[in-house]
$ cat target_13.cif   # mmCIF, N, CA and C atoms
data_work
loop_
_atom_site.group_PDB
_atom_site.id
_atom_site.type_symbol
_atom_site.label_atom_id
_atom_site.label_comp_id
_atom_site.auth_asym_id
_atom_site.auth_seq_id
_atom_site.Cartn_x
_atom_site.Cartn_y
_atom_site.Cartn_z
ATOM 1 N N MET A 1 -72.191 87.816 19.132
ATOM 2 C CA MET A 1 -70.905 88.328 19.565
ATOM 3 C C MET A 1 -70.886 88.358 21.094
ATOM 4 N N ILE A 2 -69.902 87.721 21.699
ATOM 5 C CA ILE A 2 -69.780 87.705 23.151
ATOM 6 C C ILE A 2 -68.725 88.722 23.557
ATOM 7 N N MET A 3 -69.077 89.550 24.537
ATOM 8 C CA MET A 3 -68.148 90.567 25.010
ATOM 9 C C MET A 3 -67.985 90.449 26.508
ATOM 10 N N THR A 4 -66.779 90.580 26.956
ATOM 11 C CA THR A 4 -66.510 90.678 28.380
ATOM 12 C C THR A 4 -65.309 91.590 28.545
ATOM 13 N N VAL A 5 -65.154 92.132 29.707
ATOM 14 C CA VAL A 5 -64.029 93.012 29.985
ATOM 15 C C VAL A 5 -63.090 92.270 30.912
ATOM 16 N N GLN A 6 -61.828 92.260 30.565
ATOM 17 C CA GLN A 6 -60.845 91.617 31.416
ATOM 18 C C GLN A 6 -59.807 92.638 31.811
ATOM 19 N N SER A 7 -59.279 92.471 33.007
ATOM 20 C CA SER A 7 -58.275 93.379 33.523
ATOM 21 C C SER A 7 -57.138 92.564 34.114
ATOM 22 N N ALA A 8 -55.928 92.773 33.649
ATOM 23 C CA ALA A 8 -54.735 92.096 34.162
ATOM 24 C C ALA A 8 -54.929 90.581 34.202
ATOM 25 N N GLY A 9 -55.614 90.045 33.186
ATOM 26 C CA GLY A 9 -55.799 88.616 33.099
ATOM 27 C C GLY A 9 -56.916 88.055 33.961
ATOM 28 N N GLU A 10 -57.569 88.860 34.750
ATOM 29 C CA GLU A 10 -58.661 88.383 35.597
ATOM 30 C C GLU A 10 -60.000 88.698 34.953
ATOM 31 N N VAL A 11 -60.925 87.766 35.063
ATOM 32 C CA VAL A 11 -62.262 87.963 34.509
ATOM 33 C C VAL A 11 -62.992 88.999 35.348
ATOM 34 N N SER A 12 -63.685 89.916 34.685
ATOM 35 C CA SER A 12 -64.375 90.993 35.390
ATOM 36 C C SER A 12 -65.480 90.487 36.301
ATOM 37 N N GLY A 13 -66.091 89.388 35.941
ATOM 38 C CA GLY A 13 -67.191 88.866 36.741
ATOM 39 C C GLY A 13 -68.545 89.035 36.091
ATOM 40 N N LEU A 14 -68.628 89.899 35.087
ATOM 41 C CA LEU A 14 -69.888 90.121 34.382
ATOM 42 C C LEU A 14 -69.679 89.924 32.893
ATOM 43 N N LEU A 15 -70.632 89.275 32.255
ATOM 44 C CA LEU A 15 -70.547 88.990 30.828
ATOM 45 C C LEU A 15 -71.706 89.659 30.111
ATOM 46 N N HIS A 16 -71.382 90.398 29.063
ATOM 47 C CA HIS A 16 -72.379 91.033 28.200
ATOM 48 C C HIS A 16 -72.505 90.123 26.989
ATOM 49 N N LEU A 17 -73.595 89.383 26.893
ATOM 50 C CA LEU A 17 -73.726 88.314 25.919
ATOM 51 C C LEU A 17 -73.969 88.773 24.486
ATOM 52 N N HIS A 18 -74.605 89.925 24.312
ATOM 53 C CA HIS A 18 -74.951 90.404 22.970
ATOM 54 C C HIS A 18 -74.946 91.929 22.994
ATOM 55 N N PRO A 19 -74.507 92.575 21.933
ATOM 56 C CA PRO A 19 -74.438 94.047 21.935
ATOM 57 C C PRO A 19 -75.748 94.754 22.254
ATOM 58 N N SER A 20 -76.898 94.132 21.944
ATOM 59 C CA SER A 20 -78.171 94.804 22.222
ATOM 60 C C SER A 20 -78.722 94.493 23.611
ATOM 61 N N ASP A 21 -78.079 93.597 24.360
ATOM 62 C CA ASP A 21 -78.572 93.252 25.693
ATOM 63 C C ASP A 21 -78.532 94.444 26.641
ATOM 64 N N ASN A 22 -79.562 94.557 27.474
ATOM 65 C CA ASN A 22 -79.580 95.607 28.497
ATOM 66 C C ASN A 22 -79.292 95.033 29.884
ATOM 67 N N ILE A 23 -78.824 93.788 29.918
ATOM 68 C CA ILE A 23 -78.393 93.152 31.160
ATOM 69 C C ILE A 23 -77.017 92.534 30.959
ATOM 70 N N VAL A 24 -76.371 92.225 32.079
ATOM 71 C CA VAL A 24 -75.132 91.458 32.077
ATOM 72 C C VAL A 24 -75.326 90.296 33.042
ATOM 73 N N VAL A 25 -74.515 89.256 32.893
ATOM 74 C CA VAL A 25 -74.688 88.032 33.653
ATOM 75 C C VAL A 25 -73.436 87.749 34.482
ATOM 76 N N ALA A 26 -73.635 87.358 35.735
ATOM 77 C CA ALA A 26 -72.516 87.017 36.615
ATOM 78 C C ALA A 26 -71.879 85.715 36.153
ATOM 79 N N ILE A 27 -70.567 85.740 35.950
ATOM 80 C CA ILE A 27 -69.863 84.529 35.530
ATOM 81 C C ILE A 27 -68.966 83.995 36.649
ATOM 82 N N ARG A 28 -69.157 84.543 37.827
ATOM 83 C CA ARG A 28 -68.507 84.065 39.049
ATOM 84 C C ARG A 28 -69.302 84.625 40.214
ATOM 85 N N PRO A 29 -69.135 84.103 41.413
ATOM 86 C CA PRO A 29 -69.817 84.708 42.561
ATOM 87 C C PRO A 29 -69.380 86.168 42.726
ATOM 88 N N LEU A 30 -70.326 87.029 43.050
ATOM 89 C CA LEU A 30 -70.068 88.460 43.206
ATOM 90 C C LEU A 30 -70.353 88.881 44.644
ATOM 91 N N ALA A 31 -69.559 89.808 45.143
ATOM 92 C CA ALA A 31 -69.718 90.292 46.516
ATOM 93 C C ALA A 31 -70.404 91.651 46.528
ATOM 94 N N GLN A 32 -71.281 91.854 47.492
ATOM 95 C CA GLN A 32 -71.961 93.139 47.658
ATOM 96 C C GLN A 32 -70.930 94.259 47.724
ATOM 97 N N GLY A 33 -71.183 95.334 46.990
ATOM 98 C CA GLY A 33 -70.312 96.504 46.998
ATOM 99 C C GLY A 33 -69.167 96.442 46.004
ATOM 100 N N GLU A 34 -68.958 95.284 45.397
ATOM 101 C CA GLU A 34 -67.908 95.143 44.391
ATOM 102 C C GLU A 34 -68.241 96.048 43.211
ATOM 103 N N ILE A 35 -67.249 96.737 42.676
ATOM 104 C CA ILE A 35 -67.454 97.609 41.517
ATOM 105 C C ILE A 35 -66.777 96.951 40.323
ATOM 106 N N ILE A 36 -67.573 96.725 39.282
ATOM 107 C CA ILE A 36 -67.078 96.016 38.101
ATOM 108 C C ILE A 36 -67.303 96.887 36.873
ATOM 109 N N ASP A 37 -66.256 97.054 36.083
ATOM 110 C CA ASP A 37 -66.356 97.766 34.820
ATOM 111 C C ASP A 37 -66.679 96.760 33.718
ATOM 112 N N VAL A 38 -67.732 97.042 32.969
ATOM 113 C CA VAL A 38 -68.132 96.192 31.857
ATOM 114 C C VAL A 38 -68.726 97.069 30.761
ATOM 115 N N VAL A 39 -68.342 96.830 29.542
ATOM 116 C CA VAL A 39 -68.739 97.588 28.348
ATOM 117 C C VAL A 39 -68.839 99.095 28.601
ATOM 118 N N GLY A 40 -67.798 99.646 29.185
ATOM 119 C CA GLY A 40 -67.723 101.086 29.376
ATOM 120 C C GLY A 40 -68.547 101.642 30.518
ATOM 121 N N ARG A 41 -69.075 100.795 31.376
ATOM 122 C CA ARG A 41 -69.877 101.243 32.516
ATOM 123 C C ARG A 41 -69.342 100.610 33.794
ATOM 124 N N SER A 42 -69.546 101.287 34.905
ATOM 125 C CA SER A 42 -69.193 100.732 36.206
ATOM 126 C C SER A 42 -70.473 100.320 36.913
ATOM 127 N N ILE A 43 -70.500 99.087 37.366
ATOM 128 C CA ILE A 43 -71.665 98.568 38.075
ATOM 129 C C ILE A 43 -71.242 98.194 39.486
ATOM 130 N N THR A 44 -71.995 98.679 40.465
ATOM 131 C CA THR A 44 -71.767 98.301 41.860
ATOM 132 C C THR A 44 -72.729 97.178 42.199
ATOM 133 N N VAL A 45 -72.192 96.048 42.599
ATOM 134 C CA VAL A 45 -73.004 94.867 42.903
ATOM 135 C C VAL A 45 -73.865 95.160 44.137
ATOM 136 N N PRO A 46 -75.204 95.040 44.015
ATOM 137 C CA PRO A 46 -76.096 95.438 45.107
ATOM 138 C C PRO A 46 -76.146 94.470 46.292
ATOM 139 N N ARG A 47 -75.796 93.201 46.067
ATOM 140 C CA ARG A 47 -75.808 92.198 47.142
ATOM 141 C C ARG A 47 -74.971 91.022 46.677
ATOM 142 N N ASP A 48 -74.635 90.136 47.582
ATOM 143 C CA ASP A 48 -73.911 88.926 47.191
ATOM 144 C C ASP A 48 -74.766 88.155 46.191
ATOM 145 N N MET A 49 -74.128 87.671 45.136
ATOM 146 C CA MET A 49 -74.856 86.960 44.077
ATOM 147 C C MET A 49 -74.042 85.789 43.581
ATOM 148 N N GLY A 50 -74.759 84.774 43.148
ATOM 149 C CA GLY A 50 -74.122 83.600 42.594
ATOM 150 C C GLY A 50 -74.025 83.661 41.080
ATOM 151 N N LEU A 51 -73.360 82.700 40.558
ATOM 152 C CA LEU A 51 -73.179 82.524 39.128
ATOM 153 C C LEU A 51 -74.523 82.530 38.405
ATOM 154 N N GLY A 52 -74.595 83.249 37.288
ATOM 155 C CA GLY A 52 -75.793 83.244 36.452
ATOM 156 C C GLY A 52 -76.807 84.327 36.743
ATOM 157 N N HIS A 53 -76.650 85.046 37.852
ATOM 158 C CA HIS A 53 -77.609 86.113 38.142
ATOM 159 C C HIS A 53 -77.396 87.285 37.200
ATOM 160 N N LYS A 54 -78.479 88.046 36.980
ATOM 161 C CA LYS A 54 -78.458 89.143 36.019
ATOM 162 C C LYS A 54 -78.484 90.495 36.728
ATOM 163 N N LEU A 55 -77.756 91.450 36.149
ATOM 164 C CA LEU A 55 -77.778 92.843 36.605
ATOM 165 C C LEU A 55 -78.113 93.722 35.411
ATOM 166 N N ALA A 56 -78.845 94.790 35.661
ATOM 167 C CA ALA A 56 -79.181 95.728 34.592
ATOM 168 C C ALA A 56 -77.938 96.517 34.193
ATOM 169 N N LEU A 57 -77.677 96.570 32.905
ATOM 170 C CA LEU A 57 -76.553 97.353 32.390
ATOM 171 C C LEU A 57 -76.940 98.826 32.293
ATOM 172 N N VAL A 58 -78.193 99.074 32.001
ATOM 173 C CA VAL A 58 -78.742 100.429 31.854
ATOM 174 C C VAL A 58 -80.086 100.475 32.576
ATOM 175 N N ASP A 59 -80.645 101.657 32.733
ATOM 176 C CA ASP A 59 -81.996 101.781 33.278
ATOM 177 C C ASP A 59 -82.974 101.107 32.316
ATOM 178 N N ILE A 60 -83.911 100.352 32.873
ATOM 179 C CA ILE A 60 -84.944 99.687 32.072
ATOM 180 C C ILE A 60 -86.298 100.129 32.625
ATOM 181 N N ALA A 61 -87.067 100.824 31.812
ATOM 182 C CA ALA A 61 -88.362 101.354 32.254
ATOM 183 C C ALA A 61 -89.371 100.224 32.413
ATOM 184 N N GLU A 62 -90.316 100.432 33.328
ATOM 185 C CA GLU A 62 -91.403 99.475 33.528
ATOM 186 C C GLU A 62 -92.075 99.181 32.196
ATOM 187 N N GLY A 63 -92.290 97.915 31.906
ATOM 188 C CA GLY A 63 -92.947 97.497 30.665
ATOM 189 C C GLY A 63 -92.007 97.258 29.501
ATOM 190 N N CYS A 64 -90.761 97.688 29.621
ATOM 191 C CA CYS A 64 -89.797 97.510 28.535
ATOM 192 C C CYS A 64 -89.198 96.107 28.568
ATOM 193 N N ASP A 65 -88.791 95.642 27.398
ATOM 194 C CA ASP A 65 -88.191 94.325 27.284
ATOM 195 C C ASP A 65 -86.853 94.250 28.003
ATOM 196 N N VAL A 66 -86.599 93.103 28.605
ATOM 197 C CA VAL A 66 -85.294 92.760 29.158
ATOM 198 C C VAL A 66 -84.671 91.828 28.128
ATOM 199 N N LEU A 67 -83.497 92.220 27.614
ATOM 200 C CA LEU A 67 -82.876 91.494 26.520
ATOM 201 C C LEU A 67 -81.666 90.694 26.978
ATOM 202 N N LYS A 68 -81.646 89.416 26.607
ATOM 203 C CA LYS A 68 -80.521 88.520 26.868
ATOM 204 C C LYS A 68 -80.309 87.716 25.590
ATOM 205 N N TYR A 69 -79.082 87.557 25.175
ATOM 206 C CA TYR A 69 -78.748 86.913 23.898
ATOM 207 C C TYR A 69 -79.394 87.671 22.735
ATOM 208 N N GLY A 70 -79.660 88.973 22.911
ATOM 209 C CA GLY A 70 -80.254 89.779 21.861
ATOM 210 C C GLY A 70 -81.750 89.579 21.693
ATOM 211 N N ALA A 71 -82.380 88.831 22.597
ATOM 212 C CA ALA A 71 -83.810 88.543 22.490
ATOM 213 C C ALA A 71 -84.502 88.836 23.814
ATOM 214 N N PRO A 72 -85.779 89.207 23.765
ATOM 215 C CA PRO A 72 -86.504 89.471 25.013
ATOM 216 C C PRO A 72 -86.728 88.184 25.806
ATOM 217 N N ILE A 73 -86.367 88.226 27.090
ATOM 218 C CA ILE A 73 -86.634 87.096 27.977
ATOM 219 C C ILE A 73 -87.801 87.423 28.905
ATOM 220 N N GLY A 74 -88.250 88.649 28.852
ATOM 221 C CA GLY A 74 -89.340 89.110 29.687
ATOM 222 C C GLY A 74 -89.419 90.611 29.610
ATOM 223 N N PHE A 75 -90.226 91.185 30.504
ATOM 224 C CA PHE A 75 -90.317 92.644 30.556
ATOM 225 C C PHE A 75 -90.230 93.094 32.003
ATOM 226 N N ALA A 76 -89.818 94.320 32.174
ATOM 227 C CA ALA A 76 -89.670 94.885 33.517
ATOM 228 C C ALA A 76 -91.050 95.095 34.123
ATOM 229 N N SER A 77 -91.318 94.425 35.245
ATOM 230 C CA SER A 77 -92.605 94.586 35.922
ATOM 231 C C SER A 77 -92.616 95.846 36.787
ATOM 232 N N SER A 78 -91.441 96.425 36.985
ATOM 233 C CA SER A 78 -91.271 97.728 37.635
ATOM 234 C C SER A 78 -89.992 98.328 37.058
ATOM 235 N N ALA A 79 -89.780 99.603 37.286
ATOM 236 C CA ALA A 79 -88.572 100.249 36.772
ATOM 237 C C ALA A 79 -87.342 99.578 37.382
ATOM 238 N N ILE A 80 -86.332 99.351 36.554
ATOM 239 C CA ILE A 80 -85.088 98.725 36.990
ATOM 240 C C ILE A 80 -83.965 99.709 36.714
ATOM 241 N N SER A 81 -83.222 100.074 37.742
ATOM 242 C CA SER A 81 -82.104 101.007 37.580
ATOM 243 C C SER A 81 -80.846 100.257 37.181
ATOM 244 N N ALA A 82 -79.970 100.936 36.465
ATOM 245 C CA ALA A 82 -78.684 100.351 36.099
ATOM 246 C C ALA A 82 -78.002 99.826 37.357
ATOM 247 N N GLY A 83 -77.524 98.595 37.287
ATOM 248 C CA GLY A 83 -76.855 97.977 38.416
ATOM 249 C C GLY A 83 -77.763 97.141 39.305
ATOM 250 N N ASP A 84 -79.086 97.275 39.149
ATOM 251 C CA ASP A 84 -80.022 96.496 39.964
ATOM 252 C C ASP A 84 -79.996 95.018 39.571
ATOM 253 N N HIS A 85 -80.299 94.184 40.555
ATOM 254 C CA HIS A 85 -80.466 92.748 40.319
ATOM 255 C C HIS A 85 -81.745 92.568 39.508
ATOM 256 N N VAL A 86 -81.685 91.810 38.432
ATOM 257 C CA VAL A 86 -82.852 91.537 37.598
ATOM 258 C C VAL A 86 -83.265 90.099 37.884
ATOM 259 N N HIS A 87 -84.460 89.956 38.478
ATOM 260 C CA HIS A 87 -84.920 88.634 38.890
ATOM 261 C C HIS A 87 -86.438 88.650 39.010
ATOM 262 N N LEU A 88 -87.003 87.687 39.661
ATOM 263 C CA LEU A 88 -88.457 87.535 39.746
ATOM 264 C C LEU A 88 -89.187 88.735 40.327
ATOM 265 N N HIS A 89 -88.527 89.515 41.171
ATOM 266 C CA HIS A 89 -89.189 90.652 41.814
ATOM 267 C C HIS A 89 -89.412 91.831 40.868
ATOM 268 N N ASN A 90 -88.706 91.857 39.732
ATOM 269 C CA ASN A 90 -88.860 92.989 38.809
ATOM 270 C C ASN A 90 -88.892 92.566 37.342
ATOM 271 N N LEU A 91 -89.028 91.277 37.090
ATOM 272 C CA LEU A 91 -89.033 90.734 35.732
ATOM 273 C C LEU A 91 -90.209 89.786 35.568
ATOM 274 N N THR A 92 -91.014 90.019 34.530
ATOM 275 C CA THR A 92 -92.079 89.098 34.182
ATOM 276 C C THR A 92 -91.627 88.334 32.955
ATOM 277 N N SER A 93 -91.612 87.026 33.058
ATOM 278 C CA SER A 93 -91.072 86.170 32.011
ATOM 279 C C SER A 93 -91.912 86.213 30.741
ATOM 280 N N ARG A 94 -91.250 86.036 29.617
ATOM 281 C CA ARG A 94 -91.932 85.863 28.342
ATOM 282 C C ARG A 94 -91.843 84.409 27.878
ATOM 283 N N TYR A 95 -91.239 83.562 28.698
ATOM 284 C CA TYR A 95 -91.165 82.142 28.342
ATOM 285 C C TYR A 95 -92.559 81.544 28.385
ATOM 286 N N THR A 96 -92.826 80.656 27.486
ATOM 287 C CA THR A 96 -94.107 79.968 27.481
ATOM 288 C C THR A 96 -93.855 78.474 27.655
ATOM 289 N N VAL A 97 -94.820 77.818 28.239
ATOM 290 C CA VAL A 97 -94.710 76.383 28.440
ATOM 291 C C VAL A 97 -94.995 75.692 27.119
ATOM 292 N N ILE A 98 -94.105 74.820 26.729
ATOM 293 C CA ILE A 98 -94.289 74.049 25.500
ATOM 294 C C ILE A 98 -94.266 72.579 25.906
ATOM 295 N N GLU A 99 -95.375 71.935 25.715
ATOM 296 C CA GLU A 99 -95.438 70.525 26.053
ATOM 297 C C GLU A 99 -94.847 69.723 24.910
ATOM 298 N N ASP A 100 -94.002 68.800 25.255
ATOM 299 C CA ASP A 100 -93.373 67.956 24.251
ATOM 300 C C ASP A 100 -93.394 66.517 24.746
ATOM 301 N N ILE A 101 -94.587 66.017 24.871
ATOM 302 C CA ILE A 101 -94.769 64.630 25.285
ATOM 303 C C ILE A 101 -94.788 63.800 24.002
ATOM 304 N N GLU A 102 -94.084 62.710 24.034
ATOM 305 C CA GLU A 102 -93.965 61.873 22.829
ATOM 306 C C GLU A 102 -95.298 61.718 22.118
ATOM 307 N N GLY A 103 -95.292 62.070 20.854
ATOM 308 C CA GLY A 103 -96.475 61.857 20.029
ATOM 309 C C GLY A 103 -97.520 62.955 20.097
ATOM 310 N N THR A 104 -97.372 63.974 20.987
ATOM 311 C CA THR A 104 -98.412 64.996 21.109
ATOM 312 C C THR A 104 -98.077 66.250 20.309
ATOM 313 N N ASN A 105 -96.801 66.561 20.125
ATOM 314 C CA ASN A 105 -96.401 67.738 19.360
ATOM 315 C C ASN A 105 -95.384 67.314 18.315
ATOM 316 N N ALA A 106 -95.617 67.750 17.110
ATOM 317 C CA ALA A 106 -94.668 67.398 16.035
ATOM 318 C C ALA A 106 -93.619 68.460 15.902
#
$ encode --input "target_13.cif" --output "structure tokens"
Amino acid sequence: MIMTVQSAGEVSGLLHLHPSDNIVVAIRPLAQGEIIDVVGRSITVPRDMGLGHKLALVDIAEGCDVLKYGAPIGFASSAISAGDHVHLHNLTSRYTVIEDIEGTNA
């Protein structure tokens, strides 16, 4: 289920991809200090950000999963406050390298 908040026909700028996600994703460039309402919360953009960047929807404790599309994409390497930018400085990836060279993996 995809959820976003729209106001007067304009896109809010943040997309909540799945009801269990604890992050939201920028769907347009965002300006520092911009206040965006999404899924019943107000988030103040901490810095200028481009399309695709993630912000915490809620506080995420160190070691807890960061959820996108309803699945863990990593864990918080430090505490992340609601509204914080979620990126390499506070997120440890759970992605694994999968080699798919012709003939080596079925």
$ atom_distance --input "target_13.cif" --atom1 "atom CA of His16 of chain A" --atom2 "atom CA of Ile80 of chain A"
17.3 Å
$ closest_residue --input "target_13.cif" --among "A:Thr92, A:Ala82, A:Leu55, A:Gly70" --to "Ile23 of chain A" --atoms "only N, CA and C atoms"
A:Leu55
$ resolve_selection --input "target_13.cif" --expression "the PyMOL selection byres ((chain A and resi 78) around 6.5)" --output "list of chain:residue names"
A:Ile60, A:Ala61, A:Glu62, A:Gly63, A:Phe75, A:Ala76, A:Ser77, A:Ala79, A:Ile80, A:His89, A:Asn90, A:Leu91
$ residues_around --input "target_13.cif" --residues "Val66 of chain A" --least-positions-apart "2" --cutoff "7 Å" --atoms "only C-alpha atoms" --output "list of chain:residue names"
A:Asn22, A:Cys64, A:Lys68, A:Pro72, A:Ile73, A:Gly74, A:Phe75, A:Ala76
$ atom_distance --input "target_13.cif" --atom1 "atom CA of Gly52 of chain A" --atom2 "atom CA of Gly40 of chain A"
20.8 Å
$ residues_near_point --input "target_13.cif" --point "(-67.3, 95.6, 44.0)" --cutoff "7 Å" --atoms "all atoms listed in the file" --output "list of chain:residue names"
A:Ala31, A:Gln32, A:Gly33, A:Glu34, A:Ile35, A:Ile36, A:Ile43, A:Thr44, A:Val45
$ write_last_selection --input "target_13.cif" --atoms "N, CA and C atoms" --output "short mmCIF file (atom, residue, chain, number, x, y, z; two decimals), keeping the file's coordinate frame"
data_model
loop_
_atom_site.label_atom_id
_atom_site.label_comp_id
_atom_site.auth_asym_id
_atom_site.auth_seq_id
_atom_site.Cartn_x
_atom_site.Cartn_y
_atom_site.Cartn_z
N ALA A 31 -69.56 89.81 45.14
CA ALA A 31 -69.72 90.29 46.52
C ALA A 31 -70.40 91.65 46.53
N GLN A 32 -71.28 91.85 47.49
CA GLN A 32 -71.96 93.14 47.66
C GLN A 32 -70.93 94.26 47.72
N GLY A 33 -71.18 95.33 46.99
CA GLY A 33 -70.31 96.50 47.00
C GLY A 33 -69.17 96.44 46.00
N GLU A 34 -68.96 95.28 45.40
CA GLU A 34 -67.91 95.14 44.39
C GLU A 34 -68.24 96.05 43.21
N ILE A 35 -67.25 96.74 42.68
CA ILE A 35 -67.45 97.61 41.52
C ILE A 35 -66.78 96.95 40.32
N ILE A 36 -67.57 96.72 39.28
CA ILE A 36 -67.08 96.02 38.10
C ILE A 36 -67.30 96.89 36.87
N ILE A 43 -70.50 99.09 37.37
CA ILE A 43 -71.67 98.57 38.08
C ILE A 43 -71.24 98.19 39.49
N THR A 44 -72.00 98.68 40.47
CA THR A 44 -71.77 98.30 41.86
C THR A 44 -72.73 97.18 42.20
N VAL A 45 -72.19 96.05 42.60
CA VAL A 45 -73.00 94.87 42.90
C VAL A 45 -73.86 95.16 44.14
#
$ closest_residue --input "target_13.cif" --among "A:His53, A:His87, A:Arg94, A:His18" --to "Tyr69 of chain A" --atoms "all atoms listed in the file"
A:His18
$ atom_distance --input "target_13.cif" --atom1 "atom CA of Pro29 of chain A" --atom2 "atom N of Ala71 of chain A"
23.9 Å
$ closest_residue --input "target_13.cif" --among "A:Ser12, A:Ser81, A:Ser42, A:Ser93" --to "Leu67 of chain A" --atoms "only C-alpha atoms"
A:Ser93
$ resolve_selection --input "target_13.cif" --expression "the PyMOL selection byres ((chain A and resi 27) around 6)" --output "list in words"
Gly13, Leu14, Leu15, Val25, Ala26, Arg28, Pro29, Leu51 and Gly52 of chain A
$ select_by_dssp --input "target_13.cif" --residues "segment 3-52 of chain A" --states "strand (DSSP E)" --output "ChimeraX atom specification"
/A:3-7,10-16,23-26,35-38,41-44
$ axis_aligned_box --input "target_13.cif" --around "segment 80-99 of chain A" --padding-each-side "5 Å" --output "JSON"
{"center_x": -86.1, "center_y": 85.4, "center_z": 33.4, "size_x": 28.6, "size_y": 41.3, "size_z": 26.9}
$ closest_residue --input "target_13.cif" --among "A:Val39, A:Leu30, A:Ala56, A:Val24" --to "His85 of chain A" --atoms "only C-alpha atoms"
A:Ala56
